[in-house]
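Colleague: Next up is a structure, given as structure tokens.
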Amino acid sequence: MGLVARSGTLRRRGPDGHCMAGRLGNSKPRLGDDYLSLHGRVIEELRQAILSRRLKPGERLVEGRLAEELGVSRNPVREAIRVLASEGLVEVTARRGASVLAMTDEEARETIEVRALLEGQNARLAARRRDQDILKRIAAVLKQGNEAVAARRFELLPGLNQQFHHELAEAGRNRVLADLLKRLRERTAMLFSPTDPVRQARTWDEHAGILRAIIDGDERAAATLAAEHVMRAGADFLTTIHVLDEEPLQEESATGVKTSSGQRPVAPKSSMKPKRAKARS
């Protein structure tokens, strides 16, 4: 059984010749798939497998086995690993080769704290400057996010969340700060991709609150809400990560390699509890 690319989705071909969704594949078509190159599709499939934790933190990414399962040559897989390494989702070492980034509890907490601080300052600047063109773009992304939540199109939300925070960084109109936030967003992407519908809805409610404060020009509320949003999402991640990792440790991976039990992030001991914002509604 191998995987074949069809209509922008990589699928497994069964013994009867029919295609069925594989562990890396997604049975639901995604917007834009038909316009992605083969390289782009492989990057997206691996990215979503990491963010959804079908590929576990610490799991090795073996080019040959991934290429065989996806039904492609090694070249697009190698390119995908390079791109995902630049995004902070994959780490490459001389000893182990490429593997999914495994962030410890302490590393995650420290990164979340820095991102919360910078997101708060950026929202403060956005409320001060109130660039109307950028605010319209943010409002458009917010509308798409709310529509995706209402339609339960949760597979669209990680991308929309990244787009929302990208536009928010632009609204601060500080290129140095925007560049720092971009790197932190890439490094923490897997920390901020909840699959629980309640958490998804809450995330977009919080986005709406941040945007309202910016539109009102309330710098203090915008900064508080933005920092609180990041801290709460980080606390959720640190609280639930050990539950996600209690799946069978010897589960067969998409690469054909048994999942190693020694690469799990440390069980959470976080006391991160965001302060409640005293913001105008």
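Here, A, B, ... name the chains of the structure tokens in the order displayed, residue numbers run from 1 inside each chain, and ligands are numbered from 1 in the same displayed order.
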According to DSSP computed on the backbone, where in region 138-181 of chain A is there alpha helix (DSSP H)? Give the residues as number ranges by chain.
Modeller: A: 138-150, 157-171, 175-181
Colleague: Now that the selection is made, can you save its residues with N, CA, C and O atoms as a short mmCIF file (atom, residue, chain, number, x, y, z; two decimals), in the first residue's frame?
Modeller:
data_model
loop_
_atom_site.label_atom_id
_atom_site.label_comp_id
_atom_site.auth_asym_id
_atom_site.auth_seq_id
_atom_site.Cartn_x
_atom_site.Cartn_y
_atom_site.Cartn_z
N ILE A 138 -7.91 42.99 9.56
CA ILE A 138 -8.06 42.18 10.77
C ILE A 138 -9.52 41.80 10.96
O ILE A 138 -9.83 40.64 11.31
N ALA A 139 -10.42 42.75 10.74
CA ALA A 139 -11.85 42.48 10.90
C ALA A 139 -12.31 41.41 9.92
O ALA A 139 -13.15 40.56 10.25
N ALA A 140 -11.74 41.42 8.70
CA ALA A 140 -12.12 40.43 7.70
C ALA A 140 -11.66 39.03 8.13
O ALA A 140 -12.40 38.04 7.98
N VAL A 141 -10.45 38.93 8.68
CA VAL A 141 -9.96 37.63 9.17
C VAL A 141 -10.80 37.17 10.35
O VAL A 141 -11.14 35.98 10.46
N LEU A 142 -11.15 38.10 11.23
CA LEU A 142 -11.99 37.76 12.38
C LEU A 142 -13.33 37.19 11.92
O LEU A 142 -13.82 36.20 12.49
N LYS A 143 -13.91 37.79 10.90
CA LYS A 143 -15.18 37.31 10.36
C LYS A 143 -15.03 35.88 9.82
O LYS A 143 -15.87 35.01 10.08
N GLN A 144 -13.94 35.63 9.10
CA GLN A 144 -13.70 34.28 8.57
C GLN A 144 -13.53 33.27 9.70
O GLN A 144 -14.02 32.14 9.62
N GLY A 145 -12.82 33.68 10.75
CA GLY A 145 -12.62 32.78 11.88
C GLY A 145 -13.91 32.43 12.57
O GLY A 145 -14.17 31.26 12.89
N ASN A 146 -14.75 33.43 12.80
CA ASN A 146 -16.04 33.17 13.44
C ASN A 146 -16.93 32.29 12.57
O ASN A 146 -17.65 31.42 13.08
N GLU A 147 -16.89 32.50 11.27
CA GLU A 147 -17.68 31.68 10.35
C GLU A 147 -17.17 30.23 10.36
O GLU A 147 -17.97 29.29 10.30
N ALA A 148 -15.85 30.05 10.42
CA ALA A 148 -15.28 28.70 10.46
C ALA A 148 -15.67 27.99 11.75
O ALA A 148 -15.98 26.79 11.74
N VAL A 149 -15.68 28.73 12.88
CA VAL A 149 -16.11 28.14 14.14
C VAL A 149 -17.57 27.72 14.06
O VAL A 149 -17.94 26.61 14.47
N ALA A 150 -18.42 28.61 13.53
CA ALA A 150 -19.85 28.32 13.44
C ALA A 150 -20.12 27.11 12.54
O ALA A 150 -21.02 26.32 12.81
N LEU A 157 -8.90 26.82 11.05
CA LEU A 157 -8.61 27.80 12.10
C LEU A 157 -7.13 28.03 12.39
O LEU A 157 -6.75 29.17 12.67
N PRO A 158 -6.27 27.00 12.36
CA PRO A 158 -4.85 27.30 12.61
C PRO A 158 -4.29 28.34 11.65
O PRO A 158 -3.59 29.27 12.07
N GLY A 159 -4.61 28.20 10.37
CA GLY A 159 -4.13 29.17 9.37
C GLY A 159 -4.72 30.55 9.59
O GLY A 159 -4.04 31.57 9.47
N LEU A 160 -6.02 30.60 9.90
CA LEU A 160 -6.66 31.89 10.15
C LEU A 160 -6.13 32.54 11.41
O LEU A 160 -5.99 33.77 11.49
N ASN A 161 -5.81 31.73 12.42
CA ASN A 161 -5.24 32.27 13.65
C ASN A 161 -3.88 32.90 13.38
O ASN A 161 -3.59 34.01 13.87
N GLN A 162 -3.07 32.22 12.58
CA GLN A 162 -1.77 32.78 12.22
C GLN A 162 -1.94 34.08 11.44
O GLN A 162 -1.20 35.04 11.64
N GLN A 163 -2.94 34.10 10.53
CA GLN A 163 -3.19 35.29 9.73
C GLN A 163 -3.65 36.46 10.60
O GLN A 163 -3.23 37.60 10.40
N PHE A 164 -4.51 36.16 11.57
CA PHE A 164 -4.99 37.21 12.48
C PHE A 164 -3.82 37.85 13.21
O PHE A 164 -3.70 39.09 13.27
N HIS A 165 -2.92 37.02 13.76
CA HIS A 165 -1.81 37.57 14.53
C HIS A 165 -0.77 38.24 13.63
O HIS A 165 -0.09 39.18 14.05
N HIS A 166 -0.67 37.78 12.38
CA HIS A 166 0.21 38.47 11.42
C HIS A 166 -0.29 39.88 11.15
O HIS A 166 0.48 40.85 11.19
N GLU A 167 -1.59 40.01 10.88
CA GLU A 167 -2.16 41.33 10.62
C GLU A 167 -2.08 42.22 11.87
O GLU A 167 -1.85 43.42 11.78
N LEU A 168 -2.26 41.60 13.03
CA LEU A 168 -2.16 42.35 14.29
C LEU A 168 -0.75 42.91 14.45
O LEU A 168 -0.56 44.06 14.89
N ALA A 169 0.26 42.10 14.11
CA ALA A 169 1.65 42.58 14.18
C ALA A 169 1.87 43.74 13.22
O ALA A 169 2.59 44.70 13.53
N GLU A 170 1.25 43.67 12.05
CA GLU A 170 1.36 44.77 11.08
C GLU A 170 0.73 46.04 11.62
O GLU A 170 1.21 47.14 11.37
N ALA A 171 -0.35 45.88 12.38
CA ALA A 171 -1.07 47.04 12.91
C ALA A 171 -0.23 47.82 13.91
O ALA A 171 -0.45 49.02 14.12
N ARG A 175 8.48 47.44 12.66
CA ARG A 175 9.00 46.31 11.90
C ARG A 175 9.88 45.39 12.73
O ARG A 175 9.88 44.17 12.53
N VAL A 176 10.63 45.95 13.65
CA VAL A 176 11.48 45.12 14.51
C VAL A 176 10.62 44.22 15.39
O VAL A 176 10.86 43.01 15.50
N LEU A 177 9.59 44.80 15.98
CA LEU A 177 8.68 44.03 16.83
C LEU A 177 7.92 43.00 16.01
O LEU A 177 7.75 41.85 16.45
N ALA A 178 7.48 43.37 14.81
CA ALA A 178 6.75 42.43 13.95
C ALA A 178 7.61 41.23 13.58
O ALA A 178 7.14 40.09 13.53
N ASP A 179 8.90 41.48 13.33
CA ASP A 179 9.81 40.39 12.98
C ASP A 179 10.01 39.45 14.16
O ASP A 179 10.01 38.22 14.00
N LEU A 180 10.17 40.00 15.36
CA LEU A 180 10.31 39.17 16.56
C LEU A 180 9.07 38.33 16.79
O LEU A 180 9.15 37.14 17.13
N LEU A 181 7.89 38.94 16.60
CA LEU A 181 6.64 38.21 16.81
C LEU A 181 6.47 37.10 15.77
O LEU A 181 5.95 36.03 16.10
#
Colleague: Between CA of Glu113 (chain A) and CA of Gly217 (chain A), what is the spacing in Å?
Modeller: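 Going from CA of Gly217 (chain A) over to CA of Glu113 (chain A), I get 24.6 Å.
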Colleague: Could you please write out, as a list in words, every residue of region 88-245 of chain A that DSSP assigns to strand (DSSP E or B)?
Modeller: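 Everything in region 88-245 of chain A that counts as strand (DSSP E or B) is Val90, Glu91, Val92, Thr93, Gly97, Ala98, Ser99 and Val100 of chain A.
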Colleague: With C-alpha atoms retained, write the just-selected residues as a tab-separated table (two decimals), in the first residue's frame.
Modeller:
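Contents of part_13.tsv, freshly written:
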chain	number	residue	atom	x	y	z
A	90	VAL	CA	11.17	20.60	13.12
A	91	GLU	CA	14.66	20.38	14.55
A	92	VAL	CA	17.62	18.93	12.65
A	93	THR	CA	20.66	17.59	14.47
A	97	GLY	CA	18.65	13.91	11.75
A	98	ALA	CA	15.22	15.57	11.47
A	99	SER	CA	12.55	15.18	14.13
A	100	VAL	CA	9.45	17.00	15.31
Colleague: Considering only C-alpha atoms, state which residue in the set A:Arg60, A:Val42, A:Ala94, A:Ala49 is at the smallest distance from Arg78 (chain A).
Modeller: A:Val42
Colleague: Nearest residue to Ala102 (chain A) out of A:Ala227, A:Ala126, A:Leu55, A:Leu46, using only C-alpha atoms?
Modeller: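 Closest to Ala102 (chain A), using only C-alpha atoms: A:Leu55.
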Colleague: Counting only C-alpha atoms, what is within 8 Å of Gly64 (chain A), bar same-chain residues fewer than 3 positions away, as a list in words?
Modeller: Ala67, Glu68 and Arg74 of chain A
Colleague: Okay, now the selection with all heavy atoms, as a compact mmCIF listing (two decimals), in the first residue's frame?
Modeller:
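Generated output (again-v1.txt):
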# COMPACT_ATOMS: atom_id res chain seq x y z
N ALA A 67 8.60 9.67 2.08
CA ALA A 67 8.44 9.74 0.63
C ALA A 67 7.65 8.54 0.11
O ALA A 67 6.76 8.67 -0.74
CB ALA A 67 9.80 9.81 -0.05
N GLU A 68 7.94 7.36 0.65
CA GLU A 68 7.24 6.15 0.22
C GLU A 68 5.77 6.22 0.60
O GLU A 68 4.90 5.88 -0.20
CB GLU A 68 7.89 4.92 0.87
CG GLU A 68 7.23 3.61 0.45
CD GLU A 68 7.92 2.41 1.10
OE1 GLU A 68 8.91 2.60 1.81
OE2 GLU A 68 7.43 1.28 0.88
N ARG A 74 12.03 11.83 -2.74
CA ARG A 74 12.59 12.38 -1.51
C ARG A 74 12.74 13.90 -1.56
O ARG A 74 12.75 14.56 -0.52
CB ARG A 74 13.97 11.76 -1.23
CG ARG A 74 13.91 10.30 -0.82
CD ARG A 74 15.26 9.87 -0.29
NE ARG A 74 15.23 8.48 0.17
CZ ARG A 74 16.12 7.96 1.00
NH1 ARG A 74 17.09 8.72 1.48
NH2 ARG A 74 16.04 6.70 1.37
Colleague: Could you jot down the CA of Arg115 (chain A) to CA of Phe154 (chain A) separation for me, Å, one decimal place?
Modeller: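 CA of Phe154 (chain A) lies at a distance of 23.9 Å from CA of Arg115 (chain A).
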Colleague: For CA of Arg130 (chain A) and CA of Ala222 (chain A), quote the distance in Å rounded to one decimal.
Modeller: 11.6 Å
Colleague: From the list A:Gly120, A:Leu184, A:Leu101, A:Ile43, which residue is nearest Gly58 (chain A) when using only C-alpha atoms?
Modeller: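 When distances to Gly58 (chain A) are compared using only C-alpha atoms, the smallest one comes from A:Leu101.
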Colleague: Nearest to His207 (chain A) among A:Arg47, A:His229, A:Arg95, A:Arg53, with distances taken over only C-alpha atoms: which residue is it?
Modeller: A:His229
Colleague: Using only C-alpha atoms, find the one residue out of A:Glu206, A:Asp218, A:Glu69, A:Glu228 that sits nearest to Arg128 (chain A).
Modeller: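 The shortest atom-to-atom distance to Arg128 (chain A) comes from A:Asp218.
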Colleague: Counting only C-alpha atoms, figure out which residue out of A:Gly172, A:Arg232, A:Glu219, A:Gly88 gets nearest to Glu186 (chain A).
Modeller: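 Checking each candidate against Glu186 (chain A), we get A:Gly88 as the closest.
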